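**Student:** To start, I am sharing the structure in question, which I have written as C-alpha cells.
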Amino acid sequence: KAGVTQTPRYLIKTRGQQVTLSCSPISGHRSVSWYQQTPGQGLQFLFEYFSETQRNKGNFPGRFSGRQFSNSRSEMNVSTLELGDSALYLCASSLGDRGSAGELFFGEGSRLTVL
Amino acid sequence: GNSVTQMEGPVTLSEEAFLTINCTYTATGYPSLFWYVQYPGEGLQLLLKATKADDKGSNKGFEATYRKETTSFHLEKGSVQVSDSAVYFCALSNSGGYQKVTFGTGTKLQVIP
C-alpha cells in the first residue's frame, strides 16, 4: 500500500511569490491535514480537509489556503511569501473517523525556502 | 486550549541504556495521547497511542502509560539501540473525528555505541 506522497520535496522561492504544494493520501483515506514544522515553533496545525470540505483550521493568516479534490488529493497554497514561511510542510492522511482520531500518516514533507 | 510539554533535548544515551522522555499535557475532556517518531529526513510515524486513563500503549519495545491524575504520558524503553536515534513527539487529540492534533516541541534522542 503506497504511503503519503508529497511534491515537490524541495523548492526555493523569493519573497512575494506564491507556492502550491501537493499531497496524495493513502488510498481509502478521506482526511488530509497540513502542518508547518519549523525549529522555533515546532509542528503547527494549518488545516484539515475531509471529503473536499475544510473542517478545521489553525491560526494562520489568510495567505495560507488549501483544497481537496474528489479523489482526496490535496493542495495547499501560500501567497505573497514571506521569509518566515520557510519551513517543512507536512501532509498527513487518515481515515478521518472518530475511531482513528489522532492517527496520522505523514508524508516526507515539502521543504520550502524563501529568499 | 490544548498544550503538550515535553522535556528539552537533546538526550544522549549509550546503547542499552534506559530511556525516559517526559511528557505532560493540558486539555479539556478526555484526550487520546500519542507518541510519534521522526527519523532524519523523514516524516513523522505513529509509535504508540493510548485512548483512556491507565491505558498502556506499546510498540517496538517502547511503552507509555496514560496517567490522568498527573496528566502525563512519559515514554520509556528498557534498552535503547543506535537505530532509536530520532526526534520523539508527544501529542494529543480531543477533537473527536477531526484530525487537529496538538504536538509537543519534540525531544531529540541520540544513542551512541
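We label chains A, B, ... in the order they appear in the C-alpha cells, count residues from 1 in each chain, and number ligands from 1 in the order shown.
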Hey, what's within 12 Å of Gly84 of chain A if we count only C-alpha atoms and toss same-chain stuff fewer than 2 positions away? As a ChimeraX atom specification, please?
**Tutor:** /A:14-16,36-41,78,80-82,86-88,112-115
**Student:** Write out the residues from the selection above, keeping all heavy atoms, as a CSV table (one decimal), in the first residue's frame.
**Tutor:**
chain,number,residue,atom,x,y,z
A,14,THR,N,11.2,33.2,-3.9
A,14,THR,CA,11.6,34.6,-3.3
A,14,THR,C,10.4,35.2,-2.7
A,14,THR,O,9.2,34.9,-3.0
A,14,THR,CB,12.2,35.4,-4.4
A,14,THR,OG1,11.2,35.5,-5.5
A,14,THR,CG2,13.5,34.8,-5.0
A,15,ARG,N,10.6,36.2,-1.9
A,15,ARG,CA,9.6,36.9,-1.2
A,15,ARG,C,8.6,37.5,-2.2
A,15,ARG,O,9.0,38.0,-3.2
A,15,ARG,CB,10.1,38.1,-0.4
A,15,ARG,CG,10.7,37.6,1.0
A,15,ARG,CD,11.3,38.8,1.7
A,15,ARG,NE,12.4,39.4,1.0
A,15,ARG,CZ,13.0,40.5,1.4
A,15,ARG,NH1,12.6,41.2,2.5
A,15,ARG,NH2,14.0,41.0,0.7
A,16,GLY,N,7.3,37.4,-1.9
A,16,GLY,CA,6.3,37.9,-2.7
A,16,GLY,C,5.7,36.9,-3.7
A,16,GLY,O,4.6,37.1,-4.2
A,36,GLN,N,2.8,22.8,9.5
A,36,GLN,CA,4.1,23.6,9.3
A,36,GLN,C,5.1,23.2,10.4
A,36,GLN,O,4.7,23.3,11.6
A,36,GLN,CB,3.8,25.1,9.3
A,36,GLN,CG,5.1,25.9,9.0
A,36,GLN,CD,4.9,27.4,9.3
A,36,GLN,OE1,4.8,27.7,10.5
A,36,GLN,NE2,4.9,28.2,8.3
A,37,GLN,N,6.3,22.8,10.0
A,37,GLN,CA,7.3,22.4,11.0
A,37,GLN,C,8.5,23.4,10.9
A,37,GLN,O,9.1,23.4,9.8
A,37,GLN,CB,7.7,21.0,10.9
A,37,GLN,CG,8.7,20.5,12.0
A,37,GLN,CD,9.1,19.1,11.9
A,37,GLN,OE1,9.1,18.5,10.8
A,37,GLN,NE2,9.4,18.5,13.0
A,38,THR,N,8.8,24.1,11.9
A,38,THR,CA,10.0,24.9,12.0
A,38,THR,C,10.7,24.7,13.3
A,38,THR,O,10.1,24.2,14.3
A,38,THR,CB,9.6,26.4,12.0
A,38,THR,OG1,8.7,26.7,13.1
A,38,THR,CG2,8.8,26.8,10.7
A,39,PRO,N,12.0,25.0,13.3
A,39,PRO,CA,12.8,24.7,14.5
A,39,PRO,C,12.3,25.5,15.7
A,39,PRO,O,12.3,25.0,16.8
A,39,PRO,CB,14.2,25.2,14.1
A,39,PRO,CG,14.3,25.0,12.6
A,39,PRO,CD,12.9,25.4,12.2
A,40,GLY,N,11.8,26.7,15.5
A,40,GLY,CA,11.4,27.6,16.6
A,40,GLY,C,10.0,27.3,17.1
A,40,GLY,O,9.7,27.3,18.3
A,41,GLN,N,9.1,27.0,16.2
A,41,GLN,CA,7.7,26.8,16.6
A,41,GLN,C,7.2,25.3,16.6
A,41,GLN,O,6.1,25.0,17.1
A,41,GLN,CB,6.8,27.5,15.6
A,41,GLN,CG,7.0,29.0,15.6
A,41,GLN,CD,6.6,29.7,16.9
A,41,GLN,OE1,5.6,29.3,17.5
A,41,GLN,NE2,7.5,30.6,17.4
A,78,VAL,N,0.4,29.0,-0.6
A,78,VAL,CA,0.8,30.1,0.2
A,78,VAL,C,1.1,31.3,-0.8
A,78,VAL,O,1.9,31.1,-1.7
A,78,VAL,CB,2.1,29.8,1.0
A,78,VAL,CG1,2.4,31.0,2.0
A,78,VAL,CG2,1.9,28.5,1.8
A,80,THR,N,2.0,35.5,-1.6
A,80,THR,CA,2.8,36.6,-1.0
A,80,THR,C,3.8,36.1,0.0
A,80,THR,O,3.7,36.4,1.2
A,80,THR,CB,1.9,37.7,-0.5
A,80,THR,OG1,0.8,37.9,-1.3
A,80,THR,CG2,2.7,39.0,-0.4
A,81,LEU,N,4.7,35.2,-0.4
A,81,LEU,CA,5.6,34.6,0.5
A,81,LEU,C,6.4,35.5,1.3
A,81,LEU,O,6.9,36.6,0.8
A,81,LEU,CB,6.5,33.6,-0.2
A,81,LEU,CG,5.9,32.3,-0.7
A,81,LEU,CD1,6.8,31.6,-1.7
A,81,LEU,CD2,5.6,31.4,0.5
A,82,GLU,N,6.6,35.2,2.6
A,82,GLU,CA,7.5,35.9,3.5
A,82,GLU,C,8.7,35.0,3.9
A,82,GLU,O,8.6,33.8,3.9
A,82,GLU,CB,6.7,36.4,4.7
A,82,GLU,CG,5.5,37.3,4.4
A,82,GLU,CD,4.7,37.7,5.6
A,82,GLU,OE1,5.1,37.2,6.7
A,82,GLU,OE2,3.7,38.4,5.4
A,86,SER,N,9.5,30.0,5.4
A,86,SER,CA,10.5,29.0,5.2
A,86,SER,C,10.2,27.9,6.3
A,86,SER,O,10.3,28.2,7.5
A,86,SER,CB,11.9,29.5,5.3
A,86,SER,OG,12.2,30.4,4.3
A,87,ALA,N,10.0,26.7,5.8
A,87,ALA,CA,9.6,25.6,6.8
A,87,ALA,C,9.5,24.3,6.0
A,87,ALA,O,9.6,24.2,4.8
A,87,ALA,CB,8.3,25.9,7.4
A,88,LEU,N,9.4,23.2,6.8
A,88,LEU,CA,9.0,21.9,6.2
A,88,LEU,C,7.5,21.8,6.4
A,88,LEU,O,6.9,22.0,7.5
A,88,LEU,CB,9.7,20.8,7.0
A,88,LEU,CG,9.4,19.4,6.5
A,88,LEU,CD1,10.0,19.2,5.1
A,88,LEU,CD2,9.9,18.4,7.5
A,112,LEU,N,10.3,24.2,2.0
A,112,LEU,CA,10.2,25.4,1.3
A,112,LEU,C,11.3,26.4,1.9
A,112,LEU,O,11.3,26.6,3.1
A,112,LEU,CB,8.8,26.0,1.5
A,112,LEU,CG,8.6,27.5,1.0
A,112,LEU,CD1,8.9,27.6,-0.5
A,112,LEU,CD2,7.3,28.0,1.4
A,113,THR,N,12.1,27.0,1.0
A,113,THR,CA,13.0,28.0,1.4
A,113,THR,C,12.6,29.3,0.7
A,113,THR,O,12.4,29.3,-0.5
A,113,THR,CB,14.4,27.7,1.1
A,113,THR,OG1,14.8,26.4,1.7
A,113,THR,CG2,15.4,28.8,1.5
A,114,VAL,N,12.4,30.4,1.5
A,114,VAL,CA,12.0,31.7,0.9
A,114,VAL,C,13.2,32.6,1.0
A,114,VAL,O,13.7,32.8,2.2
A,114,VAL,CB,10.8,32.3,1.6
A,114,VAL,CG1,10.4,33.6,0.9
A,114,VAL,CG2,9.6,31.3,1.5
A,115,LEU,N,13.7,33.1,-0.1
A,115,LEU,CA,14.9,34.0,-0.1
A,115,LEU,C,14.4,35.5,-0.3
A,115,LEU,O,13.4,35.8,-0.9
A,115,LEU,CB,15.8,33.6,-1.2
A,115,LEU,CG,16.3,32.2,-1.1
A,115,LEU,CD1,17.2,31.9,-2.3
A,115,LEU,CD2,17.1,32.0,0.2
**Student:** Would you kindly return, as a list in words, each protein, DNA or RNA residue with an atom no farther than 12 Å from any atom of Gln6 of chain B, considering only C-alpha atoms and excluding same-chain residues fewer than 6 positions away?
**Tutor:**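 Final neighbour list, sorted by chain and number: Gly42 of chain A; Thr20, Ile21, Asn22, Cys23, Thr24, Tyr25, Thr26, Trp35, Thr71, Ser72, Phe73, His74, Leu75, Val87, Tyr88, Phe89, Cys90, Ala91, Phe103, Gly104, Thr105, Gly106, Thr107 and Lys108 of chain B.
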**Student:** Quick one: write out the picked residues with C-alpha atoms as a compact mmCIF listing (two decimals), in the first residue's frame?
**Tutor:**
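Full text of part_38.txt as output:
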# COMPACT_ATOMS: atom_id res chain seq x y z
CA GLY A 42 7.67 23.01 16.16
CA THR B 20 12.60 8.08 29.71
CA ILE B 21 11.19 11.10 27.89
CA ASN B 22 8.77 13.09 29.98
CA CYS B 23 5.52 14.45 28.61
CA THR B 24 2.70 16.32 30.34
CA TYR B 25 -0.43 17.76 28.81
CA THR B 26 -3.24 20.24 29.32
CA TRP B 35 3.93 9.35 20.68
CA THR B 71 -1.72 14.49 33.21
CA SER B 72 1.35 12.67 31.95
CA PHE B 73 2.32 10.22 29.22
CA HIS B 74 6.01 9.50 29.66
CA LEU B 75 7.81 7.41 27.03
CA VAL B 87 13.15 13.01 17.38
CA TYR B 88 10.20 11.94 19.54
CA PHE B 89 6.97 13.95 19.71
CA CYS B 90 4.28 13.66 22.33
CA ALA B 91 0.82 14.61 21.05
CA PHE B 103 2.16 18.27 19.26
CA GLY B 104 4.90 18.91 21.77
CA THR B 105 8.12 20.52 20.61
CA GLY B 106 9.95 17.23 20.20
CA THR B 107 12.87 15.63 22.03
CA LYS B 108 15.91 14.60 20.07
**Student:** As a VMD selection string, please: all residues of chain B that backbone DSSP puts in strand (DSSP E or B).
**Tutor:** chain B and resid 3 to 6 11 to 14 19 to 21 23 to 26 32 to 38 44 to 50 56 to 59 62 to 65 67 72 75 to 77 86 to 93 102 to 103 107 to 112
**Student:** Could you take the residues named above and write them with C-alpha atoms, as a compact mmCIF listing (two decimals), in the first residue's frame?
**Tutor:**
# COMPACT_ATOMS: atom_id res chain seq x y z
CA SER B 3 -0.98 22.05 25.04
CA VAL B 4 1.75 19.45 25.34
CA THR B 5 5.00 19.94 27.23
CA GLN B 6 7.91 17.57 26.81
CA VAL B 11 19.10 13.39 25.16
CA THR B 12 22.30 11.40 24.67
CA LEU B 13 22.43 7.81 25.88
CA SER B 14 24.75 4.88 25.48
CA LEU B 19 15.21 5.78 28.25
CA THR B 20 12.60 8.08 29.71
CA ILE B 21 11.19 11.10 27.89
CA CYS B 23 5.52 14.45 28.61
CA THR B 24 2.70 16.32 30.34
CA TYR B 25 -0.43 17.76 28.81
CA THR B 26 -3.24 20.24 29.32
CA SER B 32 -6.24 10.48 23.31
CA LEU B 33 -2.47 10.57 23.70
CA PHE B 34 0.23 9.64 21.21
CA TRP B 35 3.93 9.35 20.68
CA TYR B 36 5.25 9.96 17.20
CA VAL B 37 8.83 9.48 15.99
CA GLN B 38 10.66 11.29 13.22
CA LEU B 44 6.54 11.50 11.47
CA GLN B 45 5.41 7.97 12.24
CA LEU B 46 2.94 6.94 14.90
CA LEU B 47 4.83 4.98 17.54
CA LEU B 48 2.10 4.23 20.10
CA LYS B 49 -1.14 5.56 21.49
CA ALA B 50 -3.47 5.38 24.48
CA LYS B 56 -0.62 1.47 28.25
CA GLY B 57 0.50 1.92 24.67
CA SER B 58 3.42 -0.14 23.46
CA ASN B 59 5.35 -0.76 20.27
CA PHE B 62 8.64 1.47 23.78
CA GLU B 63 5.89 1.97 26.37
CA ALA B 64 3.84 4.85 27.74
CA THR B 65 1.02 4.86 30.31
CA ARG B 67 -1.83 8.93 33.77
CA SER B 72 1.35 12.67 31.95
CA LEU B 75 7.81 7.41 27.03
CA GLU B 76 10.09 4.60 28.23
CA LYS B 77 12.29 1.92 26.74
CA ALA B 86 15.41 10.18 16.23
CA VAL B 87 13.15 13.01 17.38
CA TYR B 88 10.20 11.94 19.54
CA PHE B 89 6.97 13.95 19.71
CA CYS B 90 4.28 13.66 22.33
CA ALA B 91 0.82 14.61 21.05
CA LEU B 92 -2.85 14.70 21.95
CA SER B 93 -6.19 14.76 20.20
CA THR B 102 -1.53 19.17 19.21
CA PHE B 103 2.16 18.27 19.26
CA THR B 107 12.87 15.63 22.03
CA LYS B 108 15.91 14.60 20.07
CA LEU B 109 17.44 11.30 21.16
CA GLN B 110 20.97 10.34 20.23
CA VAL B 111 22.18 6.85 21.08
CA ILE B 112 25.92 6.26 20.91
**Student:** Between chain A and chain B, at 12 Å or less, what are the per-residue closest atom pairs and their distances in Å? Count only C-alpha atoms, order by chain and rising residue number, and return it as CSV.
**Tutor:**
residue,atom,partner,partner_atom,distance
A:Gly3,CA,B:Gly43,CA,10.9
A:Val4,CA,B:Gly43,CA,9.6
A:Thr5,CA,B:Gly43,CA,10.6
A:Gln6,CA,B:Gly43,CA,10.4
A:Arg9,CA,B:Gly41,CA,10.7
A:Tyr10,CA,B:Gly41,CA,11.9
A:Arg30,CA,B:Gln99,CA,11.2
A:Ser31,CA,B:Gln99,CA,7.8
A:Val32,CA,B:Gln99,CA,8.4
A:Ser33,CA,B:Gln99,CA,7.1
A:Trp34,CA,B:Lys100,CA,9.6
A:Tyr35,CA,B:Val101,CA,9.7
A:Gln36,CA,B:Phe103,CA,11.5
A:Gln37,CA,B:Thr105,CA,9.8
A:Thr38,CA,B:Thr105,CA,9.9
A:Pro39,CA,B:Thr105,CA,8.8
A:Gly40,CA,B:Thr105,CA,8.8
A:Gln41,CA,B:Thr105,CA,7.5
A:Gly42,CA,B:Thr105,CA,5.1
A:Leu43,CA,B:Phe103,CA,6.3
A:Gln44,CA,B:Phe103,CA,7.8
A:Phe45,CA,B:Lys100,CA,6.9
A:Leu46,CA,B:Lys100,CA,9.0
A:Phe47,CA,B:Lys100,CA,7.9
A:Glu48,CA,B:Gln99,CA,6.7
A:Tyr49,CA,B:Gln99,CA,9.0
A:Phe50,CA,B:Tyr98,CA,8.8
A:Thr53,CA,B:Tyr98,CA,11.9
A:Gln54,CA,B:Tyr98,CA,10.4
A:Arg55,CA,B:Tyr98,CA,7.3
A:Asn56,CA,B:Lys100,CA,7.0
A:Lys57,CA,B:Lys100,CA,8.2
A:Gly58,CA,B:Lys100,CA,8.4
A:Asn59,CA,B:Lys100,CA,11.9
A:Leu88,CA,B:Gly43,CA,9.7
A:Tyr89,CA,B:Gly43,CA,9.8
A:Leu90,CA,B:Gly43,CA,7.2
A:Cys91,CA,B:Gly43,CA,8.8
A:Ala92,CA,B:Leu44,CA,9.0
A:Ser93,CA,B:Gln99,CA,9.1
A:Ser94,CA,B:Gln99,CA,8.0
A:Leu95,CA,B:Gly97,CA,9.1
A:Gly96,CA,B:Gly97,CA,5.8
A:Asp97,CA,B:Gly97,CA,4.7
A:Arg98,CA,B:Gly97,CA,3.6
A:Gly99,CA,B:Gly97,CA,7.0
A:Ser100,CA,B:Gly97,CA,7.1
A:Ala101,CA,B:Gly97,CA,5.1
A:Gly102,CA,B:Ser93,CA,5.4
A:Glu103,CA,B:Leu46,CA,7.0
A:Leu104,CA,B:Leu46,CA,7.0
A:Phe105,CA,B:Gln45,CA,6.6
A:Phe106,CA,B:Gly43,CA,5.4
A:Gly107,CA,B:Gly43,CA,5.3
A:Glu108,CA,B:Gly43,CA,4.2
A:Gly109,CA,B:Gly43,CA,6.3
A:Ser110,CA,B:Gly43,CA,10.0
A:Arg111,CA,B:Gly41,CA,10.5
**Student:** To one decimal in Å, tell me the separation between atom CA of Pro113 of chain B and atom CA of Ser79 of chain B.
**Tutor:**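 Between atom CA of Pro113 of chain B and atom CA of Ser79 of chain B the gap works out to 12.3 Å.
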**Student:** Can you work out which one of B:Lys60, B:Lys68, B:Glu16, B:Glu8 has the shortest atom-to-atom distance to Tyr30 of chain B, counting only C-alpha atoms?
**Tutor:** B:Lys68
**Student:** Measuring between only C-alpha atoms, which one of A:Ser74, A:Ser27, A:Gln17, A:Ser65 shows the shortest distance to Glu52 of chain A?
**Tutor:**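 Closest to Glu52 of chain A, using only C-alpha atoms: A:Ser74.
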**Student:** Considering only C-alpha atoms, can you say which of A:Ile26, A:Ala2, A:Val19, A:Leu11 comes closest to Arg73 of chain A?
**Tutor:** A:Ile26
**Student:** Could you pull out the helix (DSSP H, G or I) residues of chain A, going by DSSP on the backbone, and write them as a ChimeraX atom specification?
**Tutor:** /A:83-85,98-100
**Student:** Restrict the selected residues to N, CA, C and O atoms and save them as a PDB file, in the first residue's frame.
**Tutor:**
ATOM      1  N   LEU A  83       9.733  35.678   4.398  1.00  0.00           N
ATOM      2  CA  LEU A  83      10.888  34.897   4.832  1.00  0.00           C
ATOM      3  C   LEU A  83      10.500  33.887   5.903  1.00  0.00           C
ATOM      4  O   LEU A  83      11.007  32.757   5.931  1.00  0.00           O
ATOM      5  N   GLY A  84       9.589  34.270   6.781  1.00  0.00           N
ATOM      6  CA  GLY A  84       9.161  33.410   7.874  1.00  0.00           C
ATOM      7  C   GLY A  84       8.364  32.195   7.446  1.00  0.00           C
ATOM      8  O   GLY A  84       8.063  31.338   8.276  1.00  0.00           O
ATOM      9  N   ASP A  85       8.020  32.127   6.170  1.00  0.00           N
ATOM     10  CA  ASP A  85       7.290  30.956   5.678  1.00  0.00           C
ATOM     11  C   ASP A  85       8.220  29.796   5.358  1.00  0.00           C
ATOM     12  O   ASP A  85       7.752  28.691   5.036  1.00  0.00           O
ATOM     13  N   ARG A  98     -14.059   8.969  13.923  1.00  0.00           N
ATOM     14  CA  ARG A  98     -13.822   9.182  15.348  1.00  0.00           C
ATOM     15  C   ARG A  98     -12.873   8.135  15.918  1.00  0.00           C
ATOM     16  O   ARG A  98     -12.027   8.431  16.756  1.00  0.00           O
ATOM     17  N   GLY A  99     -12.990   6.903  15.435  1.00  0.00           N
ATOM     18  CA  GLY A  99     -12.155   5.834  15.976  1.00  0.00           C
ATOM     19  C   GLY A  99     -10.671   5.981  15.669  1.00  0.00           C
ATOM     20  O   GLY A  99      -9.831   5.411  16.355  1.00  0.00           O
ATOM     21  N   SER A 100     -10.356   6.748  14.650  1.00  0.00           N
ATOM     22  CA  SER A 100      -8.953   6.915  14.265  1.00  0.00           C
ATOM     23  C   SER A 100      -8.435   8.309  14.583  1.00  0.00           C
ATOM     24  O   SER A 100      -7.420   8.735  14.039  1.00  0.00           O
TER      25      SER A 100
END
**Student:** State, in Å with one decimal place, the distance from atom CA of Asn71 of chain A to atom CA of Thr20 of chain A.
**Tutor:**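 Separation between atom CA of Asn71 of chain A and atom CA of Thr20 of chain A: 17.8 Å.
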**Student:** Please indicate the distance in Å from atom CA of Glu75 of chain A to atom CA of Pro40 of chain B, rounded to one decimal place.
**Tutor:**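 Going from atom CA of Glu75 of chain A over to atom CA of Pro40 of chain B covers 24.6 Å.
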